[in-house]
Every structure is written in C-alpha cells, then in structure tokens.
$ cat upload_26.pdb   # PDB, C-alpha atoms (C1' of nucleotides)
ATOM      1  CA  MET K   4      29.482  -3.789 -12.642
ATOM      2  CA  ARG K   5      26.697  -5.999 -13.927
ATOM      3  CA  ILE K   6      23.051  -5.080 -13.335
ATOM      4  CA  ALA K   7      20.272  -7.588 -13.999
ATOM      5  CA  THR K   8      16.533  -7.043 -14.356
ATOM      6  CA  TRP K   9      14.083  -9.938 -14.111
ATOM      7  CA  ASN K  10      10.342 -10.222 -13.714
ATOM      8  CA  VAL K  11      10.286 -13.438 -11.667
ATOM      9  CA  ASN K  12       6.484 -13.892 -11.429
ATOM     10  CA  SER K  13       6.412 -14.728  -7.695
ATOM     11  CA  VAL K  14       9.723 -14.836  -5.835
ATOM     12  CA  ASN K  15       8.528 -17.637  -3.570
ATOM     13  CA  ALA K  16       7.242 -19.893  -6.357
ATOM     14  CA  ARG K  17      10.442 -19.144  -8.288
ATOM     15  CA  LEU K  18      13.012 -19.243  -5.469
ATOM     16  CA  PRO K  19      15.086 -22.302  -6.564
ATOM     17  CA  THR K  20      15.082 -21.052 -10.170
ATOM     18  CA  VAL K  21      16.119 -17.533  -9.199
ATOM     19  CA  LEU K  22      18.862 -18.714  -6.841
ATOM     20  CA  GLU K  23      20.246 -21.116  -9.429
ATOM     21  CA  TRP K  24      20.407 -18.338 -12.012
ATOM     22  CA  LEU K  25      21.993 -15.831  -9.609
ATOM     23  CA  GLU K  26      24.665 -18.349  -8.587
ATOM     24  CA  ALA K  27      25.565 -18.940 -12.230
ATOM     25  CA  ALA K  28      25.270 -15.399 -13.614
ATOM     26  CA  LYS K  29      26.552 -13.594 -10.488
ATOM     27  CA  PRO K  30      25.186 -10.113 -11.225
ATOM     28  CA  ASP K  31      26.349  -7.386  -8.827
ATOM     29  CA  VAL K  32      22.850  -5.919  -8.741
ATOM     30  CA  ALA K  33      19.470  -7.471  -9.549
ATOM     31  CA  CYS K  34      16.134  -5.718  -9.991
ATOM     32  CA  LEU K  35      13.271  -8.151  -9.384
ATOM     33  CA  GLN K  36       9.678  -7.504 -10.397
ATOM     34  CA  GLU K  37       6.390  -9.238  -9.562
ATOM     35  CA  ILE K  38       7.667 -10.677  -6.304
ATOM     36  CA  LYS K  39       3.964 -11.121  -5.383
ATOM     37  CA  CYS K  40       4.451 -11.006  -1.620
ATOM     38  CA  VAL K  41       4.580  -8.580   1.277
ATOM     39  CA  ASP K  42       8.013  -7.622   2.657
ATOM     40  CA  GLU K  43       7.674 -10.059   5.586
ATOM     41  CA  LYS K  44       7.265 -13.003   3.209
ATOM     42  CA  PHE K  45      10.208 -12.108   0.989
ATOM     43  CA  PRO K  46      12.877 -14.866   1.285
ATOM     44  CA  ARG K  47      15.516 -12.338   2.267
ATOM     45  CA  GLU K  48      17.920 -14.796   3.974
ATOM     46  CA  ALA K  49      18.266 -16.922   0.825
ATOM     47  CA  PHE K  50      19.612 -13.902  -1.058
ATOM     48  CA  GLU K  51      21.718 -12.671   1.841
ATOM     49  CA  SER K  52      23.383 -16.107   1.856
ATOM     50  CA  LEU K  53      24.540 -15.380  -1.693
ATOM     51  CA  GLY K  54      26.097 -12.115  -0.505
ATOM     52  CA  TYR K  55      23.353  -9.688  -1.488
ATOM     53  CA  ASN K  56      21.993  -6.739   0.400
ATOM     54  CA  VAL K  57      18.208  -6.756   0.040
ATOM     55  CA  GLU K  58      15.614  -3.977  -0.184
ATOM     56  CA  THR K  59      11.990  -4.724  -0.973
ATOM     57  CA  HIS K  60       8.762  -2.919  -1.752
ATOM     58  CA  GLY K  61       6.209  -5.697  -1.528
ATOM     59  CA  GLN K  62       2.452  -6.111  -1.840
ATOM     60  CA  LYS K  63       0.118  -8.986  -1.084
ATOM     61  CA  SER K  64      -0.548 -11.289  -4.069
ATOM     62  CA  TYR K  65       0.267  -8.801  -6.817
ATOM     63  CA  ASN K  66       3.112  -6.647  -8.090
ATOM     64  CA  GLY K  67       6.021  -5.985  -5.715
ATOM     65  CA  VAL K  68       9.637  -5.101  -6.564
ATOM     66  CA  ALA K  69      13.011  -5.721  -4.940
ATOM     67  CA  LEU K  70      16.657  -4.719  -5.252
ATOM     68  CA  LEU K  71      19.558  -7.079  -4.571
ATOM     69  CA  SER K  72      23.094  -5.684  -4.437
ATOM     70  CA  LYS K  73      26.540  -6.960  -3.509
ATOM     71  CA  TYR K  74      27.411  -3.340  -2.697
ATOM     72  CA  PRO K  75      25.724  -1.328   0.056
ATOM     73  CA  LEU K  76      22.436   0.344  -0.863
ATOM     74  CA  SER K  77      21.500   3.812   0.352
ATOM     75  CA  ASP K  78      18.994   6.569  -0.415
ATOM     76  CA  ILE K  79      16.173   4.031  -0.795
ATOM     77  CA  ARG K  80      12.919   5.221  -2.383
ATOM     78  CA  ARG K  81       9.804   3.042  -2.339
ATOM     79  CA  GLY K  82       7.067   4.014  -4.783
ATOM     80  CA  LEU K  83       6.939   6.760  -7.391
ATOM     81  CA  PRO K  84       6.080  10.289  -6.289
ATOM     82  CA  GLY K  85       2.987  11.983  -7.641
ATOM     83  CA  ASP K  86       0.028  10.008  -6.239
ATOM     84  CA  ASP K  87      -0.221   9.314  -2.504
ATOM     85  CA  ARG K  88      -3.308   7.155  -3.050
ATOM     86  CA  ASP K  89      -1.531   4.703  -5.361
ATOM     87  CA  GLU K  90      -1.237   1.455  -3.396
ATOM     88  CA  GLN K  91       0.407  -0.662  -6.088
ATOM     89  CA  ALA K  92       4.049  -1.563  -5.348
ATOM     90  CA  ARG K  93       5.787  -1.020  -8.667
ATOM     91  CA  TYR K  94       8.936   1.028  -8.017
ATOM     92  CA  ILE K  95      11.992   0.854  -5.795
ATOM     93  CA  GLU K  96      15.183   2.859  -6.194
ATOM     94  CA  ALA K  97      18.519   3.022  -4.430
ATOM     95  CA  LEU K  98      22.038   4.315  -4.780
ATOM     96  CA  VAL K  99      24.424   1.391  -5.299
ATOM     97  CA  GLU K 100      27.596   2.310  -3.439
ATOM     98  CA  SER K 101      30.138   0.724  -5.747
ATOM     99  CA  PRO K 102      33.469   2.577  -6.267
ATOM    100  CA  ARG K 103      31.739   4.471  -9.074
ATOM    101  CA  PRO K 104      28.179   4.617  -7.758
ATOM    102  CA  VAL K 105      25.104   3.919  -9.875
ATOM    103  CA  ARG K 106      21.562   4.885  -9.003
ATOM    104  CA  VAL K 107      19.253   1.992  -9.902
ATOM    105  CA  GLY K 108      15.476   2.035 -10.203
ATOM    106  CA  ALA K 109      13.477  -1.199 -10.494
ATOM    107  CA  ILE K 110      10.291  -0.700 -12.478
ATOM    108  CA  TYR K 111       7.173  -2.804 -12.891
ATOM    109  CA  LEU K 112       5.078  -0.702 -15.218
ATOM    110  CA  PRO K 113       1.323  -1.438 -15.265
ATOM    111  CA  ASN K 114       0.182  -3.905 -17.915
ATOM    112  CA  GLY K 115      -2.842  -1.780 -18.860
ATOM    113  CA  ASN K 116      -5.113  -4.453 -20.289
ATOM    114  CA  PRO K 117      -7.879  -4.503 -21.202
ATOM    115  CA  LEU K 118      -8.123  -1.358 -23.325
ATOM    116  CA  GLY K 119     -10.989   0.989 -22.592
ATOM    117  CA  THR K 120     -10.795   0.429 -18.830
ATOM    118  CA  GLU K 121      -9.286   2.284 -15.905
ATOM    119  CA  LYS K 122      -6.347  -0.126 -16.148
ATOM    120  CA  PHE K 123      -5.163   1.533 -19.344
ATOM    121  CA  THR K 124      -5.606   5.057 -17.987
ATOM    122  CA  TYR K 125      -3.686   3.966 -14.869
ATOM    123  CA  LYS K 126      -0.860   2.729 -17.095
ATOM    124  CA  LEU K 127      -0.590   6.079 -18.874
ATOM    125  CA  ALA K 128      -0.863   8.034 -15.608
ATOM    126  CA  TRP K 129       1.883   5.880 -14.072
ATOM    127  CA  PHE K 130       4.032   6.503 -17.158
ATOM    128  CA  ALA K 131       3.559  10.269 -16.695
ATOM    129  CA  ARG K 132       4.677  10.001 -13.060
ATOM    130  CA  LEU K 133       7.708   7.964 -14.127
ATOM    131  CA  GLN K 134       8.603  10.584 -16.714
ATOM    132  CA  ALA K 135       8.356  13.370 -14.122
ATOM    133  CA  HIS K 136      10.516  11.424 -11.687
ATOM    134  CA  ALA K 137      13.077  10.545 -14.361
ATOM    135  CA  ARG K 138      13.335  14.238 -15.242
ATOM    136  CA  GLU K 139      14.253  14.996 -11.625
ATOM    137  CA  LEU K 140      16.752  12.131 -11.440
ATOM    138  CA  LEU K 141      18.479  13.240 -14.642
ATOM    139  CA  LYS K 142      19.137  16.635 -13.040
ATOM    140  CA  LEU K 143      21.488  14.829 -10.634
ATOM    141  CA  GLU K 144      23.766  14.032 -13.601
ATOM    142  CA  GLU K 145      24.620  10.649 -12.111
ATOM    143  CA  SER K 146      25.054   7.204 -13.580
ATOM    144  CA  LEU K 147      21.428   6.047 -13.541
ATOM    145  CA  ALA K 148      19.856   2.787 -14.719
ATOM    146  CA  LEU K 149      16.061   2.498 -14.794
ATOM    147  CA  CYS K 150      15.545  -1.223 -15.256
ATOM    148  CA  GLY K 151      12.471  -3.351 -15.420
ATOM    149  CA  ASP K 152       9.367  -4.695 -17.034
ATOM    150  CA  TYR K 153       8.068  -1.687 -18.973
ATOM    151  CA  ASN K 154       5.110  -3.621 -20.410
ATOM    152  CA  VAL K 155       5.614  -1.855 -23.750
ATOM    153  CA  ILE K 156       6.650  -3.324 -27.098
ATOM    154  CA  PRO K 157       8.704  -0.393 -28.454
ATOM    155  CA  THR K 158       8.613  -1.239 -32.175
ATOM    156  CA  PRO K 159       7.283  -3.968 -34.486
ATOM    157  CA  ALA K 160      10.800  -5.435 -34.526
ATOM    158  CA  ASP K 161      10.383  -6.178 -30.827
ATOM    159  CA  ALA K 162       7.627  -8.739 -31.448
ATOM    160  CA  ARG K 163       7.738 -11.977 -33.407
ATOM    161  CA  ASN K 164       4.116 -11.372 -34.468
ATOM    162  CA  PRO K 165       3.343  -7.662 -34.136
ATOM    163  CA  GLU K 166      -0.140  -8.170 -35.656
ATOM    164  CA  ALA K 167      -1.092 -10.323 -32.674
ATOM    165  CA  TRP K 168      -0.591  -7.335 -30.343
ATOM    166  CA  THR K 169      -2.657  -4.744 -32.232
ATOM    167  CA  ASP K 170      -5.417  -4.634 -29.610
ATOM    168  CA  ASP K 171      -3.117  -5.079 -26.637
ATOM    169  CA  ALA K 172      -2.160  -2.306 -24.207
ATOM    170  CA  LEU K 173       1.524  -3.225 -24.645
ATOM    171  CA  PHE K 174       1.520  -2.138 -28.297
ATOM    172  CA  GLN K 175      -0.853   0.845 -28.299
ATOM    173  CA  PRO K 176       0.404   4.070 -29.909
ATOM    174  CA  GLU K 177      -0.107   5.855 -26.547
ATOM    175  CA  SER K 178       2.044   3.293 -24.708
ATOM    176  CA  ARG K 179       4.792   3.451 -27.305
ATOM    177  CA  ALA K 180       4.681   7.274 -27.366
ATOM    178  CA  ALA K 181       4.987   7.375 -23.567
ATOM    179  CA  LEU K 182       8.094   5.182 -23.740
ATOM    180  CA  ARG K 183       9.564   7.381 -26.464
ATOM    181  CA  ALA K 184       8.845  10.509 -24.411
ATOM    182  CA  LEU K 185      10.699   8.957 -21.484
ATOM    183  CA  LYS K 186      13.698   8.197 -23.675
ATOM    184  CA  PHE K 187      13.596  11.687 -25.237
ATOM    185  CA  LEU K 188      14.500  13.071 -21.790
ATOM    186  CA  GLY K 189      17.952  11.666 -22.492
ATOM    187  CA  LEU K 190      17.787   7.982 -21.599
ATOM    188  CA  SER K 191      19.287   5.286 -23.829
ATOM    189  CA  ASP K 192      17.913   1.758 -24.094
ATOM    190  CA  ALA K 193      20.935  -0.493 -23.468
ATOM    191  CA  HIS K 194      19.572  -2.790 -26.182
ATOM    192  CA  ASP K 195      20.220  -0.021 -28.719
ATOM    193  CA  LEU K 196      23.784   0.481 -27.432
ATOM    194  CA  GLY K 197      24.632  -3.203 -27.744
ATOM    195  CA  ASN K 198      24.644  -5.460 -30.733
ATOM    196  CA  GLU K 199      21.674  -7.647 -29.868
ATOM    197  CA  PRO K 200      19.975  -8.942 -33.003
ATOM    198  CA  ALA K 201      16.344  -8.321 -33.929
ATOM    199  CA  GLY K 202      14.320 -11.092 -32.394
ATOM    200  CA  THR K 203      15.926 -10.678 -28.976
ATOM    201  CA  TYR K 204      12.861 -11.117 -26.779
ATOM    202  CA  SER K 205      12.453 -11.051 -23.014
ATOM    203  CA  PHE K 206       8.936 -12.488 -22.555
ATOM    204  CA  TRP K 207       7.033 -15.470 -23.896
ATOM    205  CA  ASP K 208       3.498 -16.153 -22.622
ATOM    206  CA  TYR K 209       2.886 -19.423 -20.799
ATOM    207  CA  GLN K 210      -0.133 -19.976 -23.063
ATOM    208  CA  ALA K 211      -0.556 -21.378 -26.558
ATOM    209  CA  GLY K 212       3.018 -22.680 -26.822
ATOM    210  CA  ALA K 213       4.423 -19.173 -27.165
ATOM    211  CA  TRP K 214       7.913 -20.275 -26.065
ATOM    212  CA  GLN K 215       8.004 -23.337 -28.300
ATOM    213  CA  ARG K 216       6.926 -21.188 -31.273
ATOM    214  CA  ASP K 217       9.226 -18.301 -30.246
ATOM    215  CA  HIS K 218       6.243 -15.959 -30.129
ATOM    216  CA  GLY K 219       8.126 -13.540 -27.902
ATOM    217  CA  ILE K 220       8.229  -9.809 -27.238
ATOM    218  CA  ARG K 221      10.909  -7.489 -25.849
ATOM    219  CA  ILE K 222       9.387  -5.587 -22.934
ATOM    220  CA  ASP K 223      12.174  -5.705 -20.303
ATOM    221  CA  PHE K 224      14.746  -2.926 -20.664
ATOM    222  CA  ALA K 225      17.507  -0.983 -18.988
ATOM    223  CA  LEU K 226      17.321   2.741 -19.729
ATOM    224  CA  LEU K 227      20.595   4.557 -19.029
ATOM    225  CA  SER K 228      21.411   8.188 -18.271
ATOM    226  CA  PRO K 229      24.192   9.748 -20.387
ATOM    227  CA  GLN K 230      26.666   9.147 -17.551
ATOM    228  CA  ALA K 231      25.722   5.459 -17.399
ATOM    229  CA  ALA K 232      25.588   5.101 -21.190
ATOM    230  CA  ASP K 233      29.171   6.390 -21.332
ATOM    231  CA  ARG K 234      30.102   3.406 -19.156
ATOM    232  CA  PHE K 235      28.160   0.851 -21.260
ATOM    233  CA  ARG K 236      30.165  -2.302 -21.944
ATOM    234  CA  GLY K 237      27.566  -4.845 -22.997
ATOM    235  CA  ILE K 238      24.138  -6.402 -22.672
ATOM    236  CA  GLU K 239      23.038 -10.034 -22.413
ATOM    237  CA  THR K 240      19.510 -11.360 -22.633
ATOM    238  CA  HIS K 241      19.430 -14.716 -20.846
ATOM    239  CA  ARG K 242      17.084 -16.575 -23.162
ATOM    240  CA  GLU K 243      18.165 -19.922 -21.731
ATOM    241  CA  ALA K 244      16.405 -19.058 -18.454
ATOM    242  CA  ARG K 245      13.059 -19.602 -20.207
ATOM    243  CA  ASP K 246      13.968 -23.308 -20.408
ATOM    244  CA  MET K 247      14.750 -23.772 -16.712
ATOM    245  CA  ASP K 248      12.519 -25.847 -14.435
ATOM    246  CA  LYS K 249       9.465 -23.825 -13.392
ATOM    247  CA  PRO K 250      10.541 -20.839 -15.501
ATOM    248  CA  SER K 251       9.237 -17.312 -15.222
ATOM    249  CA  ASP K 252       7.524 -16.088 -18.380
ATOM    250  CA  HIS K 253      10.242 -13.370 -18.497
ATOM    251  CA  VAL K 254      14.020 -13.885 -18.777
ATOM    252  CA  PRO K 255      16.786 -11.818 -17.155
ATOM    253  CA  VAL K 256      18.455  -8.976 -19.023
ATOM    254  CA  VAL K 257      21.957  -8.066 -17.797
ATOM    255  CA  VAL K 258      23.752  -4.807 -18.534
ATOM    256  CA  GLU K 259      27.441  -4.332 -17.854
ATOM    257  CA  LEU K 260      28.844  -0.894 -17.025
ATOM    258  CA  GLU K 261      32.499   0.010 -16.639
ATOM    259  CA  ASP K 262      33.626  -0.137 -13.017
TER     260      ASP K 262
ATOM    261  C1'  DA P  25     -14.194 -17.724 -32.253
ATOM    262  C1'  DT P  26     -12.231 -19.705 -28.334
ATOM    263  C1'  DG P  27      -8.950 -21.105 -25.216
ATOM    264  C1'  DG P  28      -4.802 -22.122 -24.144
ATOM    265  C1'  DT P  29      -1.088 -21.432 -18.553
ATOM    266  C1'  DA P  30       0.604 -19.783 -14.182
ATOM    267  C1'  DG P  31       0.343 -17.744  -9.486
ATOM    268  C1'  DA P  32      -1.957 -16.095  -5.293
ATOM    269  C1'  DC P  33      -5.525 -17.726  -2.441
ATOM    270  C1'  DC P  34     -11.183 -17.964  -0.593
ATOM    271  C1'  DT P  35     -13.186 -18.299  -5.692
ATOM    272  C1'  DT P  36     -11.841 -14.859  -8.787
ATOM    273  C1'  DC P  37      -8.215 -11.494 -10.211
ATOM    274  C1'  DT P  38      -4.066 -10.516 -12.733
ATOM    275  C1'  DA P  39      -1.102 -11.256 -16.363
TER     276       DA P  39
END
$ encode --input "upload_26.pdb" --output "structure tokens"
Amino acid sequence: MRIATWNVNSVNARLPTVLEWLEAAKPDVACLQEIKCVDEKFPREAFESLGYNVETHGQKSYNGVALLSKYPLSDIRRGLPGDDRDEQARYIEALVESPRPVRVGAIYLPNGNPLGTEKFTYKLAWFARLQAHARELLKLEESLALCGDYNVIPTPADARNPEAWTDDALFQPESRAALRALKFLGLSDAHDLGNEPAGTYSFWDYQAGAWQRDHGIRIDFALLSPQAADRFRGIETHREARDMDKPSDHVPVVVELED
DNA sequence: ATGGTAGACCTTCTA
C-alpha cells in the first residue's frame, strides 16, 4: 500500500502534470493540498478515469485538500474540529478500506507568514487543534498516516540554507516545537524510519532560482501511528517531479506500508 | 536592500 502526499499548487493549473505523475507512480492513495478550487470545479472525472475514488474539501482560490484512493473511502471528515468559525479548507480525512485498513489525513498547515500578524497566531492555533485531533485518533489504535504540507522545517538539516529562514514562520522555534509536540504524542516521521539522506527536500521556491541552486526545504511529511510505523516498508521523495513541465513548487512524497 | 515567480481572478492576496 503506497500513500502519496503532494502540494500541487492548483489542481486545475497542474492537471496534466499531476495525471502524468499518477500514471507513472501509481500510488494507491494520494493526499493533495492547495487544490485552489471549490468542490464543483475539482476535475474529479480525470482522476476517476485512473481508477481513483475522490473526496474533496475545496475552497475558492486558496487552500483546499483532496483524497484519491483506489480502495473505497469511508468515515470522511472535512475540516479539523475545534473552531466552527474557521473557513479555511485545510484538512480531510478518511478510512481507506484496503484489506488492512489505514486511516489517512491530508493536511495543509497554515504558512503563518509574516511573523507578528494574525497569520502566525492562526498557524499555532491550527497546530493546537491538529494536536488535539491527533490525540483522539491515536486512541483508536489504528494504522494512521497524517500526510501533508506541514509548513515547518523541523531541523536545520532540513534546509539547504537554514540561515535564510531565520525570520520565516516555517522555521520559528514555536513552529518547530508544535511539530515536536505532535510527534511526542506517538507519531513517527516516515523520513526518520527510512534511509533518506540529509538534503532530501520537498519544496523549492519558484523565485530566485531556488530549484537550480537546490535551495530546498523539507516541509512535506507523513507522520505514522505506531500501528502504521510497524508496517513501514519505505519512503520515496520524487525530486524529479520538480523538473516536469509546469511543476508544482512541491514534489510528491510516497510512503509504502505493508499490505 | 530589493526583487525575484506562480496562481487565482477583479486588482490584490497568498505563498
């Protein structure tokens, strides 16, 4: 069972790129972030033609997340609990009904820039809600994969130029502590279970030749419950996707669990 | 020190 996570930066602008990658990589499940459209404008049929079941939690222009699965999806949750007034579409979760089921959450954590604004406080508040929800999910003692764009650089080793991120919300001590607190509940970053080398990045900015200079950061992860971590078989970061035509600024990360 | 790019879309916001 292979589960991909990919911030596609507009599913409609990226459709040929995303379809080409899915046809080649053939993940069983894909978590998409930043679809940047409402549910009605999601190109559902294109993914159904590739054999995927589709569930979306969209929003006009910004954010938006989706789950694709070759297995049936049930127990769908749209949005994180804890704030009924939050209108940003950043979380969708479902039970993937494979022979050994896996609960999968697709996460698009707030960016939080610039510092000193309500955007950063929203990021930390959203993190707290995610932690509370993860605590509840872990009580189920299921195979669970919380996958997505966490918008956090966990350690200096996860940036080519950590100094460049000193004043960025992605590398603030509070952001990094919130990610650690989430993991301390009992979640394992699949990157740490695999043998990916330092310098395995998942995002390169479109600006200032970041890709050409390999000025990347690792901000896209799969966090696994103990039951899922026990099934861990491997992880692949699809760096080559950054060189496709009309690439996203993020690349897919694929985790394989034992069937 | 600044701006560099990309996407949605009503002109500026988000990243």
$ closest_residue --input "upload_26.pdb" --among "K:Gln215, K:Asn116, K:Thr158, K:Ser77" --to "chain P" --atoms "only C-alpha atoms (C1' of nucleotides)"
K:Asn116
$ resolve_selection --input "upload_26.pdb" --expression "the PyMOL selection byres ((chain K) within 6 of (chain P))" --output "list in words"
Ser64, Tyr209, Gln210 and Ala211 of chain K
$ atom_distance --input "upload_26.pdb" --atom1 "CA of Gly82 (chain K)" --atom2 "CA of Tyr55 (chain K)"
21.5 Å
$ residues_around --input "upload_26.pdb" --residues "Asp152 (chain K)" --least-positions-apart "2" --cutoff "7 Å" --atoms "all atoms listed in the file" --output "short mmCIF file (atom, residue, chain, number, x, y, z; two decimals) with C-alpha atoms, keeping the file's coordinate frame"
data_model
loop_
_atom_site.label_atom_id
_atom_site.label_comp_id
_atom_site.auth_asym_id
_atom_site.auth_seq_id
_atom_site.Cartn_x
_atom_site.Cartn_y
_atom_site.Cartn_z
CA ASN K 10 10.34 -10.22 -13.71
CA ILE K 110 10.29 -0.70 -12.48
CA TYR K 111 7.17 -2.80 -12.89
CA LEU K 112 5.08 -0.70 -15.22
CA ASN K 154 5.11 -3.62 -20.41
CA ILE K 222 9.39 -5.59 -22.93
CA ASP K 223 12.17 -5.70 -20.30
CA PHE K 224 14.75 -2.93 -20.66
#
$ atom_distance --input "upload_26.pdb" --atom1 "CA of Ser101 (chain K)" --atom2 "CA of Asp31 (chain K)"
9.5 Å
$ atom_distance --input "upload_26.pdb" --atom1 "CA of Leu53 (chain K)" --atom2 "CA of Trp9 (chain K)"
17.1 Å
$ axis_aligned_box --input "upload_26.pdb" --around "chain P" --padding-each-side "6 Å" --output "AutoDock Vina command-line options"
--center_x -6.8 --center_y -16.3 --center_z -16.4 --size_x 26.8 --size_y 23.6 --size_z 43.7
$ resolve_selection --input "upload_26.pdb" --expression "the PyMOL selection byres ((chain K and resi 164) around 12)" --output "MDAnalysis selection string"
chainID K and resid 156 158:163 165:169 174 202 204 207 213 216:221
$ resolve_selection --input "upload_26.pdb" --expression "the PyMOL selection byres ((chain K and resi 190) around 6)" --output "ChimeraX atom specification"
/K:186,189,191,226-228
$ residues_around --input "upload_26.pdb" --residues "region 91-93 of chain K" --least-positions-apart "4" --cutoff "12 Å" --atoms "all atoms listed in the file" --output "ChimeraX atom specification"
/K:10,34-42,59-70,80-84,86-87,108-114,125-126,129-130,132-133,150-153
$ residues_around --input "upload_26.pdb" --residues "Met247 (chain K)" --least-positions-apart "6" --cutoff "10 Å" --atoms "all atoms listed in the file" --output "PyMOL selection string"
chain K and resi 20-21+23-24
$ residues_near_point --input "upload_26.pdb" --point "(22.3, -15.1, -12.0)" --cutoff "12 Å" --atoms "only C-alpha atoms (C1' of nucleotides)" --output "compact mmCIF listing (two decimals) with C-alpha atoms, in the frame of the given file"
# COMPACT_ATOMS: atom_id res chain seq x y z
CA ARG K 5 26.70 -6.00 -13.93
CA ILE K 6 23.05 -5.08 -13.34
CA ALA K 7 20.27 -7.59 -14.00
CA THR K 8 16.53 -7.04 -14.36
CA TRP K 9 14.08 -9.94 -14.11
CA PRO K 19 15.09 -22.30 -6.56
CA THR K 20 15.08 -21.05 -10.17
CA VAL K 21 16.12 -17.53 -9.20
CA LEU K 22 18.86 -18.71 -6.84
CA GLU K 23 20.25 -21.12 -9.43
CA TRP K 24 20.41 -18.34 -12.01
CA LEU K 25 21.99 -15.83 -9.61
CA GLU K 26 24.66 -18.35 -8.59
CA ALA K 27 25.56 -18.94 -12.23
CA ALA K 28 25.27 -15.40 -13.61
CA LYS K 29 26.55 -13.59 -10.49
CA PRO K 30 25.19 -10.11 -11.22
CA ASP K 31 26.35 -7.39 -8.83
CA VAL K 32 22.85 -5.92 -8.74
CA ALA K 33 19.47 -7.47 -9.55
CA CYS K 34 16.13 -5.72 -9.99
CA LEU K 35 13.27 -8.15 -9.38
CA PHE K 50 19.61 -13.90 -1.06
CA LEU K 53 24.54 -15.38 -1.69
CA TYR K 55 23.35 -9.69 -1.49
CA LEU K 71 19.56 -7.08 -4.57
CA GLU K 239 23.04 -10.03 -22.41
CA THR K 240 19.51 -11.36 -22.63
CA HIS K 241 19.43 -14.72 -20.85
CA GLU K 243 18.16 -19.92 -21.73
CA ALA K 244 16.40 -19.06 -18.45
CA VAL K 254 14.02 -13.88 -18.78
CA PRO K 255 16.79 -11.82 -17.16
CA VAL K 256 18.45 -8.98 -19.02
CA VAL K 257 21.96 -8.07 -17.80
$ build_atoms --input "upload_26.pdb" --residues "region 229-244 of chain K" --atoms "N, CA and C atoms" --output "PDB file, keeping the file's coordinate frame"
ATOM      1  N   PRO K 229      22.961   9.558 -19.599  1.00  0.00           N
ATOM      2  CA  PRO K 229      24.192   9.748 -20.387  1.00  0.00           C
ATOM      3  C   PRO K 229      25.433   9.275 -19.641  1.00  0.00           C
ATOM      4  N   GLN K 230      25.481   9.539 -18.326  1.00  0.00           N
ATOM      5  CA  GLN K 230      26.666   9.147 -17.551  1.00  0.00           C
ATOM      6  C   GLN K 230      26.805   7.627 -17.484  1.00  0.00           C
ATOM      7  N   ALA K 231      25.676   6.928 -17.404  1.00  0.00           N
ATOM      8  CA  ALA K 231      25.722   5.459 -17.399  1.00  0.00           C
ATOM      9  C   ALA K 231      25.992   4.926 -18.803  1.00  0.00           C
ATOM     10  N   ALA K 232      25.384   5.551 -19.805  1.00  0.00           N
ATOM     11  CA  ALA K 232      25.588   5.101 -21.190  1.00  0.00           C
ATOM     12  C   ALA K 232      27.055   5.220 -21.590  1.00  0.00           C
ATOM     13  N   ASP K 233      27.736   6.241 -21.052  1.00  0.00           N
ATOM     14  CA  ASP K 233      29.171   6.390 -21.332  1.00  0.00           C
ATOM     15  C   ASP K 233      29.975   5.215 -20.780  1.00  0.00           C
ATOM     16  N   ARG K 234      29.409   4.545 -19.780  1.00  0.00           N
ATOM     17  CA  ARG K 234      30.102   3.406 -19.156  1.00  0.00           C
ATOM     18  C   ARG K 234      29.633   2.075 -19.730  1.00  0.00           C
ATOM     19  N   PHE K 235      28.742   2.095 -20.725  1.00  0.00           N
ATOM     20  CA  PHE K 235      28.160   0.851 -21.260  1.00  0.00           C
ATOM     21  C   PHE K 235      29.233  -0.063 -21.831  1.00  0.00           C
ATOM     22  N   ARG K 236      29.222  -1.323 -21.406  1.00  0.00           N
ATOM     23  CA  ARG K 236      30.165  -2.302 -21.944  1.00  0.00           C
ATOM     24  C   ARG K 236      29.474  -3.437 -22.688  1.00  0.00           C
ATOM     25  N   GLY K 237      28.231  -3.750 -22.292  1.00  0.00           N
ATOM     26  CA  GLY K 237      27.566  -4.845 -22.997  1.00  0.00           C
ATOM     27  C   GLY K 237      26.212  -5.165 -22.398  1.00  0.00           C
ATOM     28  N   ILE K 238      25.461  -5.965 -23.119  1.00  0.00           N
ATOM     29  CA  ILE K 238      24.138  -6.402 -22.672  1.00  0.00           C
ATOM     30  C   ILE K 238      23.965  -7.865 -23.056  1.00  0.00           C
ATOM     31  N   GLU K 239      23.322  -8.619 -22.151  1.00  0.00           N
ATOM     32  CA  GLU K 239      23.038 -10.034 -22.413  1.00  0.00           C
ATOM     33  C   GLU K 239      21.597 -10.303 -22.034  1.00  0.00           C
ATOM     34  N   THR K 240      20.865 -10.900 -22.934  1.00  0.00           N
ATOM     35  CA  THR K 240      19.510 -11.360 -22.633  1.00  0.00           C
ATOM     36  C   THR K 240      19.573 -12.872 -22.432  1.00  0.00           C
ATOM     37  N   HIS K 241      19.225 -13.314 -21.228  1.00  0.00           N
ATOM     38  CA  HIS K 241      19.430 -14.716 -20.846  1.00  0.00           C
ATOM     39  C   HIS K 241      18.264 -15.604 -21.258  1.00  0.00           C
ATOM     40  N   ARG K 242      18.148 -15.779 -22.561  1.00  0.00           N
ATOM     41  CA  ARG K 242      17.084 -16.575 -23.162  1.00  0.00           C
ATOM     42  C   ARG K 242      16.992 -17.984 -22.581  1.00  0.00           C
ATOM     43  N   GLU K 243      18.154 -18.540 -22.219  1.00  0.00           N
ATOM     44  CA  GLU K 243      18.165 -19.922 -21.731  1.00  0.00           C
ATOM     45  C   GLU K 243      17.361 -20.074 -20.441  1.00  0.00           C
ATOM     46  N   ALA K 244      17.156 -18.969 -19.710  1.00  0.00           N
ATOM     47  CA  ALA K 244      16.405 -19.058 -18.454  1.00  0.00           C
ATOM     48  C   ALA K 244      14.943 -19.442 -18.691  1.00  0.00           C
TER      49      ALA K 244
END
